$ cat query_23.pdb   # PDB, C-alpha atoms and all ligand atoms
ATOM      1  CA  MET A   1      -5.114  -4.961   9.055  1.00  0.00           C
ATOM      2  CA  ALA A   2      -2.318  -6.679   7.391  1.00  0.00           C
ATOM      3  CA  SER A   3       0.596  -5.848   9.697  1.00  0.00           C
ATOM      4  CA  LEU A   4       2.465  -2.555   9.349  1.00  0.00           C
ATOM      5  CA  PHE A   5       5.590  -4.541   8.457  1.00  0.00           C
ATOM      6  CA  SER A   6       4.059  -5.927   5.272  1.00  0.00           C
ATOM      7  CA  HIS A   7       2.254  -2.974   3.666  1.00  0.00           C
ATOM      8  CA  PRO A   8       5.604  -1.491   2.458  1.00  0.00           C
ATOM      9  CA  ALA A   9       6.124  -4.548   0.206  1.00  0.00           C
ATOM     10  CA  VAL A  10       3.992  -2.856  -2.461  1.00  0.00           C
ATOM     11  CA  PRO A  11       5.756   0.562  -2.663  1.00  0.00           C
ATOM     12  CA  LEU A  12       9.160  -1.138  -2.513  1.00  0.00           C
ATOM     13  CA  ALA A  13       8.282  -3.507  -5.374  1.00  0.00           C
ATOM     14  CA  LEU A  14       6.747  -0.640  -7.384  1.00  0.00           C
ATOM     15  CA  GLY A  15       9.839   1.496  -6.781  1.00  0.00           C
ATOM     16  CA  VAL A  16      12.105  -1.267  -8.092  1.00  0.00           C
ATOM     17  CA  MET A  17       9.854  -1.725 -11.139  1.00  0.00           C
ATOM     18  CA  LEU A  18       9.738   1.993 -11.980  1.00  0.00           C
ATOM     19  CA  GLY A  19      13.507   2.387 -11.757  1.00  0.00           C
ATOM     20  CA  GLY A  20      15.566   5.394 -10.693  1.00  0.00           C
ATOM     21  CA  LYS A  21      15.020   7.418 -13.896  1.00  0.00           C
ATOM     22  CA  ARG A  22      11.277   7.597 -13.371  1.00  0.00           C
ATOM     23  CA  LEU A  23      11.358   7.698  -9.577  1.00  0.00           C
ATOM     24  CA  PRO A  24      14.476   8.190  -7.416  1.00  0.00           C
ATOM     25  CA  ALA A  25      14.849   5.648  -4.628  1.00  0.00           C
ATOM     26  CA  ARG A  26      14.515   8.421  -2.011  1.00  0.00           C
ATOM     27  CA  TYR A  27      10.768   8.432  -2.777  1.00  0.00           C
ATOM     28  CA  TRP A  28      10.440   4.844  -1.604  1.00  0.00           C
ATOM     29  CA  VAL A  29      10.340   6.314   1.899  1.00  0.00           C
ATOM     30  CA  LEU A  30       7.288   8.436   1.016  1.00  0.00           C
ATOM     31  CA  GLY A  31       5.679   5.418  -0.655  1.00  0.00           C
ATOM     32  CA  THR A  32       6.280   3.363   2.485  1.00  0.00           C
ATOM     33  CA  ILE A  33       4.725   6.079   4.662  1.00  0.00           C
ATOM     34  CA  ALA A  34       1.733   6.285   2.275  1.00  0.00           C
ATOM     35  CA  SER A  35       1.266   2.500   2.457  1.00  0.00           C
ATOM     36  CA  MET A  36       1.197   2.526   6.268  1.00  0.00           C
ATOM     37  CA  ALA A  37      -0.689   5.801   6.827  1.00  0.00           C
ATOM     38  CA  PRO A  38      -4.274   4.457   6.666  1.00  0.00           C
ATOM     39  CA  ASP A  39      -3.744   2.635   9.978  1.00  0.00           C
ATOM     40  CA  ILE A  40      -3.346   6.002  11.722  1.00  0.00           C
ATOM     41  CA  ASP A  41      -7.025   5.381  12.466  1.00  0.00           C
ATOM     42  CA  VAL A  42      -6.142   2.962  15.298  1.00  0.00           C
ATOM     43  CA  LEU A  43      -5.756   6.193  17.291  1.00  0.00           C
ATOM     44  CA  ALA A  44      -9.543   6.498  17.024  1.00  0.00           C
ATOM     45  CA  PHE A  45      -9.834   3.807  19.714  1.00  0.00           C
ATOM     46  CA  ARG A  46      -8.080   6.169  22.152  1.00  0.00           C
ATOM     47  CA  PHE A  47     -10.715   8.807  21.521  1.00  0.00           C
ATOM     48  CA  GLY A  48     -13.534   6.363  22.105  1.00  0.00           C
ATOM     49  CA  ILE A  49     -14.509   6.159  18.416  1.00  0.00           C
ATOM     50  CA  PRO A  50     -15.834   2.633  17.849  1.00  0.00           C
ATOM     51  CA  TYR A  51     -14.399   0.321  15.169  1.00  0.00           C
ATOM     52  CA  GLU A  52     -17.613   0.370  13.130  1.00  0.00           C
ATOM     53  CA  ALA A  53     -17.938   4.207  13.042  1.00  0.00           C
ATOM     54  CA  PRO A  54     -17.247   5.951   9.690  1.00  0.00           C
ATOM     55  CA  LEU A  55     -13.956   7.272  11.104  1.00  0.00           C
ATOM     56  CA  GLY A  56     -13.237   4.177  13.188  1.00  0.00           C
ATOM     57  CA  HIS A  57     -10.616   1.571  12.237  1.00  0.00           C
ATOM     58  CA  ARG A  58     -10.771   0.626   8.522  1.00  0.00           C
ATOM     59  CA  GLY A  59     -13.096   3.598   7.959  1.00  0.00           C
ATOM     60  CA  GLY A  60     -12.410   6.887   6.158  1.00  0.00           C
ATOM     61  CA  THR A  61      -8.606   6.597   6.134  1.00  0.00           C
ATOM     62  CA  HIS A  62      -8.966   3.349   4.188  1.00  0.00           C
ATOM     63  CA  SER A  63     -10.875   5.041   1.335  1.00  0.00           C
ATOM     64  CA  ILE A  64      -9.896   5.811  -2.266  1.00  0.00           C
ATOM     65  CA  LEU A  65     -10.389   9.502  -1.408  1.00  0.00           C
ATOM     66  CA  PHE A  66      -7.868   9.365   1.458  1.00  0.00           C
ATOM     67  CA  ALA A  67      -5.289   7.696  -0.812  1.00  0.00           C
ATOM     68  CA  ALA A  68      -5.802  10.419  -3.443  1.00  0.00           C
ATOM     69  CA  ILE A  69      -5.553  13.299  -0.924  1.00  0.00           C
ATOM     70  CA  LEU A  70      -2.428  11.838   0.681  1.00  0.00           C
ATOM     71  CA  ALA A  71      -0.767  11.292  -2.710  1.00  0.00           C
ATOM     72  CA  ALA A  72      -1.670  14.854  -3.785  1.00  0.00           C
ATOM     73  CA  LEU A  73      -0.272  16.379  -0.567  1.00  0.00           C
ATOM     74  CA  PHE A  74       3.000  14.451  -0.838  1.00  0.00           C
ATOM     75  CA  THR A  75       3.296  15.307  -4.560  1.00  0.00           C
ATOM     76  CA  PHE A  76       2.802  19.046  -3.891  1.00  0.00           C
ATOM     77  CA  ARG A  77       5.414  18.811  -1.153  1.00  0.00           C
ATOM     78  CA  GLU A  78       7.910  17.482  -3.722  1.00  0.00           C
ATOM     79  CA  TRP A  79       6.696  19.661  -6.633  1.00  0.00           C
ATOM     80  CA  ARG A  80       9.989  21.517  -7.108  1.00  0.00           C
ATOM     81  CA  HIS A  81      12.209  18.542  -6.378  1.00  0.00           C
ATOM     82  CA  TRP A  82      10.949  16.043  -8.932  1.00  0.00           C
ATOM     83  CA  PRO A  83       9.536  17.090 -12.340  1.00  0.00           C
ATOM     84  CA  GLN A  84       7.649  13.867 -13.112  1.00  0.00           C
ATOM     85  CA  HIS A  85       4.636  14.868 -11.029  1.00  0.00           C
ATOM     86  CA  SER A  86       2.189  12.388 -12.523  1.00  0.00           C
ATOM     87  CA  VAL A  87       4.573   9.451 -11.960  1.00  0.00           C
ATOM     88  CA  LEU A  88       5.119  10.501  -8.353  1.00  0.00           C
ATOM     89  CA  PHE A  89       1.393  11.037  -7.746  1.00  0.00           C
ATOM     90  CA  LEU A  90       0.411   7.692  -9.270  1.00  0.00           C
ATOM     91  CA  TYR A  91       3.163   5.872  -7.373  1.00  0.00           C
ATOM     92  CA  LEU A  92       2.019   7.363  -4.055  1.00  0.00           C
ATOM     93  CA  PHE A  93      -1.679   6.864  -4.859  1.00  0.00           C
ATOM     94  CA  VAL A  94      -1.204   3.175  -5.698  1.00  0.00           C
ATOM     95  CA  SER A  95       1.025   2.743  -2.613  1.00  0.00           C
ATOM     96  CA  ALA A  96      -1.637   4.254  -0.337  1.00  0.00           C
ATOM     97  CA  LEU A  97      -4.525   2.441  -2.041  1.00  0.00           C
ATOM     98  CA  SER A  98      -2.730  -0.906  -1.801  1.00  0.00           C
ATOM     99  CA  HIS A  99      -3.251  -0.726   1.971  1.00  0.00           C
ATOM    100  CA  PRO A 100      -7.058  -0.988   2.031  1.00  0.00           C
ATOM    101  CA  LEU A 101      -7.002  -3.431  -0.902  1.00  0.00           C
ATOM    102  CA  LEU A 102      -4.667  -5.754   1.047  1.00  0.00           C
ATOM    103  CA  ASP A 103      -6.833  -5.328   4.153  1.00  0.00           C
ATOM    104  CA  MET A 104      -9.795  -6.464   2.026  1.00  0.00           C
ATOM    105  CA  LEU A 105      -7.949  -9.770   1.566  1.00  0.00           C
ATOM    106  CA  THR A 106      -7.656 -10.403   5.328  1.00  0.00           C
ATOM    107  CA  ASP A 107      -9.756 -13.003   7.085  1.00  0.00           C
ATOM    108  CA  GLY A 108     -10.909 -11.021  10.130  1.00  0.00           C
ATOM    109  CA  GLY A 109     -12.085  -7.741  11.582  1.00  0.00           C
ATOM    110  CA  LEU A 110     -14.623  -5.502   9.893  1.00  0.00           C
ATOM    111  CA  GLY A 111     -14.605  -4.653   6.188  1.00  0.00           C
ATOM    112  CA  ILE A 112     -13.078  -1.582   4.540  1.00  0.00           C
ATOM    113  CA  ALA A 113     -14.916   1.718   3.884  1.00  0.00           C
ATOM    114  CA  LEU A 114     -13.340   2.022   0.443  1.00  0.00           C
ATOM    115  CA  LEU A 115     -15.971   4.422  -0.948  1.00  0.00           C
ATOM    116  CA  TYR A 116     -16.144   6.792   2.051  1.00  0.00           C
ATOM    117  CA  PRO A 117     -17.658   9.455   2.113  1.00  0.00           C
ATOM    118  CA  LEU A 118     -19.969   8.384  -0.748  1.00  0.00           C
ATOM    119  CA  SER A 119     -20.840   5.270   1.230  1.00  0.00           C
ATOM    120  CA  THR A 120     -20.017   3.997   4.706  1.00  0.00           C
ATOM    121  CA  GLU A 121     -20.473   0.387   3.588  1.00  0.00           C
ATOM    122  CA  ARG A 122     -17.552  -1.871   4.573  1.00  0.00           C
ATOM    123  CA  PHE A 123     -16.146  -4.158   1.879  1.00  0.00           C
ATOM    124  CA  PHE A 124     -14.104  -7.366   1.697  1.00  0.00           C
ATOM    125  CA  PHE A 125     -12.973  -9.318  -1.356  1.00  0.00           C
ATOM    126  CA  PRO A 126     -14.780 -12.662  -1.702  1.00  0.00           C
ATOM    127  CA  TRP A 127     -11.382 -14.433  -1.376  1.00  0.00           C
ATOM    128  CA  ARG A 128      -9.504 -13.611   1.846  1.00  0.00           C
ATOM    129  CA  PRO A 129      -6.321 -15.667   2.237  1.00  0.00           C
ATOM    130  CA  ILE A 130      -4.311 -13.280   4.492  1.00  0.00           C
ATOM    131  CA  ALA A 131      -4.483 -13.981   8.243  1.00  0.00           C
ATOM    132  CA  VAL A 132      -5.585 -10.773   9.964  1.00  0.00           C
ATOM    133  CA  SER A 133      -2.998  -9.084  12.193  1.00  0.00           C
ATOM    134  CA  PRO A 134      -3.979  -8.666  15.852  1.00  0.00           C
ATOM    135  CA  ILE A 135      -4.517  -4.984  16.703  1.00  0.00           C
ATOM    136  CA  GLY A 136      -1.970  -3.831  19.274  1.00  0.00           C
ATOM    137  CA  GLY A 137       0.796  -6.322  18.521  1.00  0.00           C
ATOM    138  CA  ALA A 138       1.115  -9.794  20.135  1.00  0.00           C
ATOM    139  CA  PHE A 139       3.431 -10.693  17.260  1.00  0.00           C
ATOM    140  CA  PHE A 140       5.325 -13.439  18.970  1.00  0.00           C
ATOM    141  CA  SER A 141       2.252 -15.330  19.996  1.00  0.00           C
ATOM    142  CA  GLN A 142       1.159 -18.344  17.952  1.00  0.00           C
ATOM    143  CA  SER A 143      -1.326 -16.229  15.973  1.00  0.00           C
ATOM    144  CA  GLY A 144       1.367 -13.578  15.401  1.00  0.00           C
ATOM    145  CA  LEU A 145       3.649 -16.168  13.796  1.00  0.00           C
ATOM    146  CA  GLU A 146       0.764 -17.365  11.641  1.00  0.00           C
ATOM    147  CA  VAL A 147       0.219 -13.776  10.484  1.00  0.00           C
ATOM    148  CA  ILE A 148       3.904 -13.390   9.555  1.00  0.00           C
ATOM    149  CA  GLY A 149       3.850 -16.678   7.596  1.00  0.00           C
ATOM    150  CA  SER A 150       0.641 -15.702   5.842  1.00  0.00           C
ATOM    151  CA  GLU A 151       1.947 -12.234   4.893  1.00  0.00           C
ATOM    152  CA  LEU A 152       5.240 -13.667   3.608  1.00  0.00           C
ATOM    153  CA  LYS A 153       3.253 -15.999   1.392  1.00  0.00           C
ATOM    154  CA  TRP A 154       0.506 -13.669   0.181  1.00  0.00           C
ATOM    155  CA  ILE A 155       2.151 -10.207   0.216  1.00  0.00           C
ATOM    156  CA  TRP A 156       5.968 -10.392   0.135  1.00  0.00           C
ATOM    157  CA  LEU A 157       6.358 -13.391  -2.179  1.00  0.00           C
ATOM    158  CA  PRO A 158       4.031 -12.031  -4.908  1.00  0.00           C
ATOM    159  CA  SER A 159       5.534  -8.518  -4.605  1.00  0.00           C
ATOM    160  CA  VAL A 160       9.128  -9.719  -4.879  1.00  0.00           C
ATOM    161  CA  GLY A 161       8.160 -12.249  -7.583  1.00  0.00           C
ATOM    162  CA  ILE A 162       6.360  -9.682  -9.766  1.00  0.00           C
ATOM    163  CA  ALA A 163       9.217  -7.160  -9.406  1.00  0.00           C
ATOM    164  CA  ALA A 164      11.816  -9.852 -10.274  1.00  0.00           C
ATOM    165  CA  ILE A 165       9.879 -11.018 -13.358  1.00  0.00           C
ATOM    166  CA  TRP A 166       9.413  -7.381 -14.457  1.00  0.00           C
ATOM    167  CA  LEU A 167      13.145  -6.652 -14.155  1.00  0.00           C
ATOM    168  CA  ALA A 168      14.067  -9.870 -15.965  1.00  0.00           C
ATOM    169  CA  MET A 169      11.695  -8.996 -18.840  1.00  0.00           C
ATOM    170  CA  GLN A 170      13.117  -5.476 -19.109  1.00  0.00           C
ATOM    171  CA  ARG A 171      16.672  -6.843 -19.300  1.00  0.00           C
ATOM    172  CA  LEU A 172      15.621  -9.310 -21.998  1.00  0.00           C
ATOM    173  CA  LEU A 173      13.886  -6.575 -24.016  1.00  0.00           C
ATOM    174  CA  ALA A 174      16.887  -4.265 -23.673  1.00  0.00           C
ATOM    175  CA  ARG A 175      19.116  -7.010 -25.099  1.00  0.00           C
ATOM    176  CA  SER A 176      16.783  -7.761 -27.985  1.00  0.00           C
ATOM    177  CA  PRO A 177      18.076  -6.464 -31.386  1.00  0.00           C
ATOM    178  CA  HIS A 178      14.623  -4.901 -32.055  1.00  0.00           C
ATOM    179  CA  ALA A 179      14.989  -2.700 -28.974  1.00  0.00           C
ATOM    180  CA  ARG A 180      17.271  -0.282 -30.860  1.00  0.00           C
ATOM    181  CA  SER A 181      15.359  -0.144 -34.154  1.00  0.00           C
TER     182      SER A 181
HETATM  183 ZN    ZN B 201      -5.477  -1.055   7.673  1.00  0.00          ZN
END
$ encode --input "query_23.pdb" --output "C-alpha cells" --more "lines below"
Ligand SMILES: [Zn+2]
Amino acid sequence: MASLFSHPAVPLALGVMLGGKRLPARYWVLGTIASMAPDIDVLAFRFGIPYEAPLGHRGGTHSILFAAILAALFTFREWRHWPQHSVLFLYLFVSALSHPLLDMLTDGGLGIALLYPLSTERFFFPWRPIAVSPIGGAFFSQSGLEVIGSELKWIWLPSVGIAAIWLAMQRLLARSPHARS
C-alpha cells in the first residue's frame, strides 16, 4: 500500500478543484474515508486469509467494483442532503478508485486485483516510482522515512500542484472579458 496518510491527497485535491458549489467541503471527509477504505482488507491477515487470496490484502477491496459499491452506498446515505448526486457519486468513486491505482504505482508487495470478481489477476503499472509502505507501521525506521519522502514526491506534490494550477486557471478564466459574454 501507499500509506494511509497519503491516500487522502487525492480526495482533498479533487474537493478543492470541484469547489464548494458543486461539493461542500463536509464531503471531503467521506472522500477521505473512501480513499482509505480499501485497506480494510489488512484485517484479513487476522482471520488467516493469505495475502494472495482473492479477499486477501490488495484483493477484492481494491477492485473497481468495490469503489463503485462504496461510492453508491455513501451517495444513497447523503441522497436527501445534497442534490448533485452524480457529482457526489463520481467524486467518491474516483476517491476510492485512486487507492488501488496508487497502490499499482508502488514498488513492492503483490499486485492489485482491480478487476475482481471478473478476474483474480493482480496488476501493477509498468512504472512504479512509489516506495511501498511497510504493513503494520514501522514509520520511523529508515524505510519508513523513505516511504514518506517518496509519497511526498509522487502523491502529495502532484496532487497539490494539479489543484493549484486548476485554481489559478479558473481565476484567470473568470477574469477574462470573454467569460461574461
Ligand atoms: Zn491498499
$ residues_near_ligand --input "query_23.pdb" --ligand "ligand ZN 201 (chain B)" --cutoff "6 Å" --atoms "all atoms listed in the file" --output "ChimeraX atom specification"
/A:1,38-39,58,100,103
$ resolve_selection --input "query_23.pdb" --expression "the PyMOL selection byres (((chain A and resi 42-55) around 10) and not hetatm)" --output "NGL selection string"
:A and (38-41 or 56-62 or 109-113 or 116-117 or 119-122 or 135-136)
$ closest_residue --input "query_23.pdb" --among "A:Met169, A:Leu88, A:Ile130, A:Ile162" --to "A:Ser150" --atoms "all atoms listed in the file"
A:Ile130
$ resolve_selection --input "query_23.pdb" --expression "the PyMOL selection byres (((chain A and resi 72-78) around 10) and not hetatm)" --output "list of chain:residue names"
A:Tyr27, A:Leu30, A:Gly31, A:Ala34, A:Phe66, A:Ala67, A:Ala68, A:Ile69, A:Leu70, A:Ala71, A:Trp79, A:Arg80, A:His81, A:Trp82, A:Pro83, A:Gln84, A:His85, A:Ser86, A:Val87, A:Leu88, A:Phe89, A:Leu90, A:Tyr91, A:Leu92, A:Phe93
$ closest_residue --input "query_23.pdb" --among "A:Val29, A:Phe5, A:Leu172, A:Pro129" --to "A:Lys153" --atoms "all atoms listed in the file"
A:Pro129
